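Following: one structure in structure tokens, then a few remarks.
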Amino acid sequence: MSTSAADITAEVLRRLETTPDPRLRRIMTSLVRHLHGFVADVELTEAEWFEAIRFLTETGQMCSDRRQEFILLSDTLGVSMVVDLINHRRGGGATESTVFGPFHREGAPHLPFGGNIAAHDGGPPAFVEGRVLDLEGRPIGGARLDVWQTNSAGLYDSQTDTPDDLHMRGVFTTGPDGRFRVRTVRPVHYQIPSDGPVGGMLRATGRHPWRPAHIHFVVSADGFEPVTTHIFDAGDPYLASDAVFAVKPSLVATFVEHATRDADAERFGVTPPFWTATFDFVLQAATHA
Ligand SMILES: [Fe+2]
């Protein structure tokens, strides 16, 4: 009797049975089952197999200390969001999480209440402000907000001609009243990098590379589960078709335009027109295993 594909699958699975770490055994067994099942399902040709190898090779070669094409691939296939949803089943009104994305950087400046993360950007001024609260609605003082977004041209600092400069980023700490205020510019929708293999995949599948306007936050405080999330602009045309599937309705905030002078805004050097968005982050208490 000749060897079948199922025989090979069974033999690979048999050899994995000796994997000492039970978690690794479970992961490898499932991976092989699904991978072999996928290849059998689509009856992968040798040319397609080679194309897949080429694609993954190119994805790796595209990565550098400023470009993470594998995270982009995971994001655009919706895998990052599935991992996020499995790992952060929050309840009781805690702020929902979303993708981390490939553009966070360490070393952002620590800024005071109302500090400007967009000091070198000419976009429409905006304040994003609110509170960090616990599940009972009590303010959390000393909470840390790590904030980043693109400039008005839709580029993160690492994508500009001065990639070493940190811009459009800051770290804020809430006062005892749990309040924070970020001075920035109104976020814009932007294209994910599409000059690499992920861009090729999007074009081949008839998809666009746009992400709706958003600001990234990681909010953390002692004794609480940190949350990695975004605030999305309610007025954005790409809210329903985010290239990385990251939009959750609870994360959408309205940016309100202000056309008249405002003493509070002027204290922070802002004259009309400017925009404000209000968003409260709610953290749940840390669970200890
Ligand atoms: Fe982003």
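Letters A, B, ... go to the chains of the structure tokens in the order shown; residues in each chain start at 1; ligands are counted from 1 in the same order.
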
- Message: Need the shell around Ser250 (chain A): protein/DNA/RNA residues with any atom at most 10 Å away, counting only C-alpha atoms. Skip same-chain ones fewer than 2 positions apart. Format as a PyMOL selection string?
- Response: chain A and resi 93+95-97+231-232+247-248+252-253

- Message: Using only C-alpha atoms, which protein or nucleic acid residues come within 12 Å of Pro237 (chain A)? Drop anything in the same chain fewer than 2 positions from it, and give the result as a list in words.
- Response: Val188, His189, Tyr190, Trp210, Arg211, Pro212, Ala213, Phe232, Asp233, Ala234, Gly235, Leu239, Ala240, Ser241 and Asp242 of chain A

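Taking CA of Ala126 (chain A) as the reference point, CA of Thr162 (chain A) is found at 23.8 Å.
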
- Using DSSP on the backbone, list every residue of region 63-272 of chain A that comes out as helix (DSSP H, G or I), and give them as a PyMOL selection string. chain A and resi 69-76+79-87+157-159+197-204+239-241+249-251+263-267

- So which residues are near ligand 1, meaning at most 10 Å away with only C-alpha atoms and all ligand atoms counted, given back as an MDAnalysis selection string? chainID A and resid 99:104 148:150 154:156 187:192 211:217 230 232 244 246

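For the choices A:Arg15, A:His88, A:His120, A:His110, the atom-to-atom distance to Val182 (chain A) is smallest for A:His110 when using only C-alpha atoms.
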
- Message: With only C-alpha atoms as the counted atoms, please give the residues lying no more than 7 Å from Leu111 (chain A), apart from itself and same-chain residues fewer than 5 positions off, as a list in words.
- Response: Gly170, Val171 and Phe172 of chain A

- Message: Using only C-alpha atoms, which protein or nucleic acid residues come within 12 Å of region 198-202 of chain A? Drop anything in the same chain fewer than 5 positions from it, and give the result as a PyMOL selection string.
- Response: chain A and resi 51-52+55-56+58-60+62-63+68-77+191-193+207-210+243-244

- Query: Rounded to one decimal in Å, what is the spacing between CA of Val32 (chain A) and CA of Ala204 (chain A)?
  - Reply: 26.7 Å

- Task: From region 131-165 of chain A, collect each residue whose DSSP state is strand (DSSP E or B) and return the set as an NGL selection string.
- Result: :A and (131-134 or 139 or 144-148)

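Between Gly107 (chain A) and the residues A:Ile140, A:Val147, A:Ala40, A:Val132, the shortest atom-to-atom distance, using only C-alpha atoms, involves A:Val147.
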
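Residues within 12 Å of Ala10 (chain A), counting only C-alpha atoms and excluding same-chain residues fewer than 3 positions away, are Thr3, Ser4, Ala5, Ala6, Asp7, Leu13, Arg14, Arg15, Leu16, Glu17, Thr29, Val32, Arg33, His36 and Gly37 of chain A.
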
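The residue that comes closest to Ala265 (chain A), out of A:Arg183, A:Arg66, A:Arg203, A:Arg26 and on the basis of only C-alpha atoms, is A:Arg183.
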
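Excluding Ala143 (chain A) itself and any same-chain residue fewer than 4 positions from it, the protein and nucleic acid residues within 9 Å of it, counting only C-alpha atoms, are Val132, Phe172, Thr173, Thr174, Gly175, Gly178, Val219, Ser220, Ala221 and Asp222 of chain A.
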
Let me see the file: selected residues, N, CA, C and O atoms, as a JSON list (two decimals), in the first residue's frame.
```
[["chain", "number", "residue", "atom", "x", "y", "z"],
["A", 132, "VAL", "N", -8.53, 58.19, 34.72],
["A", 132, "VAL", "CA", -8.29, 56.76, 34.86],
["A", 132, "VAL", "C", -9.01, 56.34, 36.14],
["A", 132, "VAL", "O", -8.79, 56.92, 37.21],
["A", 172, "PHE", "N", 2.39, 60.17, 30.41],
["A", 172, "PHE", "CA", 1.68, 61.05, 31.33],
["A", 172, "PHE", "C", 1.34, 60.28, 32.60],
["A", 172, "PHE", "O", 1.17, 59.06, 32.57],
["A", 173, "THR", "N", 1.24, 61.01, 33.70],
["A", 173, "THR", "CA", 0.88, 60.39, 34.98],
["A", 173, "THR", "C", -0.32, 61.14, 35.54],
["A", 173, "THR", "O", -0.34, 62.38, 35.55],
["A", 174, "THR", "N", -1.33, 60.40, 36.01],
["A", 174, "THR", "CA", -2.51, 61.06, 36.56],
["A", 174, "THR", "C", -2.22, 61.63, 37.94],
["A", 174, "THR", "O", -1.42, 61.07, 38.71],
["A", 175, "GLY", "N", -2.90, 62.72, 38.25],
["A", 175, "GLY", "CA", -2.85, 63.28, 39.60],
["A", 175, "GLY", "C", -3.78, 62.48, 40.51],
["A", 175, "GLY", "O", -4.39, 61.49, 40.07],
["A", 178, "GLY", "N", -7.11, 61.37, 39.34],
["A", 178, "GLY", "CA", -7.18, 60.43, 38.21],
["A", 178, "GLY", "C", -7.17, 61.09, 36.85],
["A", 178, "GLY", "O", -7.30, 60.42, 35.83],
["A", 219, "VAL", "N", -2.22, 52.01, 29.33],
["A", 219, "VAL", "CA", -2.55, 52.61, 30.62],
["A", 219, "VAL", "C", -2.27, 51.58, 31.71],
["A", 219, "VAL", "O", -2.75, 50.44, 31.63],
["A", 220, "SER", "N", -1.50, 51.99, 32.70],
["A", 220, "SER", "CA", -1.13, 51.04, 33.76],
["A", 220, "SER", "C", -1.12, 51.75, 35.10],
["A", 220, "SER", "O", -0.97, 52.98, 35.17],
["A", 221, "ALA", "N", -1.29, 50.98, 36.15],
["A", 221, "ALA", "CA", -1.22, 51.52, 37.53],
["A", 221, "ALA", "C", -0.94, 50.36, 38.47],
["A", 221, "ALA", "O", -1.35, 49.23, 38.19],
["A", 222, "ASP", "N", -0.25, 50.66, 39.56],
["A", 222, "ASP", "CA", 0.06, 49.61, 40.54],
["A", 222, "ASP", "C", -1.21, 48.95, 41.02],
["A", 222, "ASP", "O", -2.17, 49.63, 41.40]]
```

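With distances restricted to only C-alpha atoms, A:Phe268 is the closest residue to Pro112 (chain A) from A:Arg23, A:Thr254, A:Val39, A:Phe268.
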
- Message: Could you list, as a VMD selection string, every residue within 7 Å of region 117-119 of chain A, counting only C-alpha atoms and ignoring same-chain residues fewer than 4 positions away?
- Response: chain A and resid 167 to 170 183 to 185

Export, as a compact mmCIF listing (two decimals), in the first residue's frame, the selected residues with C-alpha atoms.
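Final file, again-v1.txt:
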```txt
# COMPACT_ATOMS: atom_id res chain seq x y z
CA HIS A 167 8.00 62.75 18.31
CA MET A 168 4.26 62.34 18.75
CA ARG A 169 4.84 60.33 21.91
CA GLY A 170 4.71 60.97 25.61
CA ARG A 183 -2.13 68.12 24.06
CA THR A 184 -1.77 66.76 20.54
CA VAL A 185 -3.19 67.22 17.04
```

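The space between CA of Leu166 (chain A) and CA of Phe180 (chain A) spans 20.9 Å.
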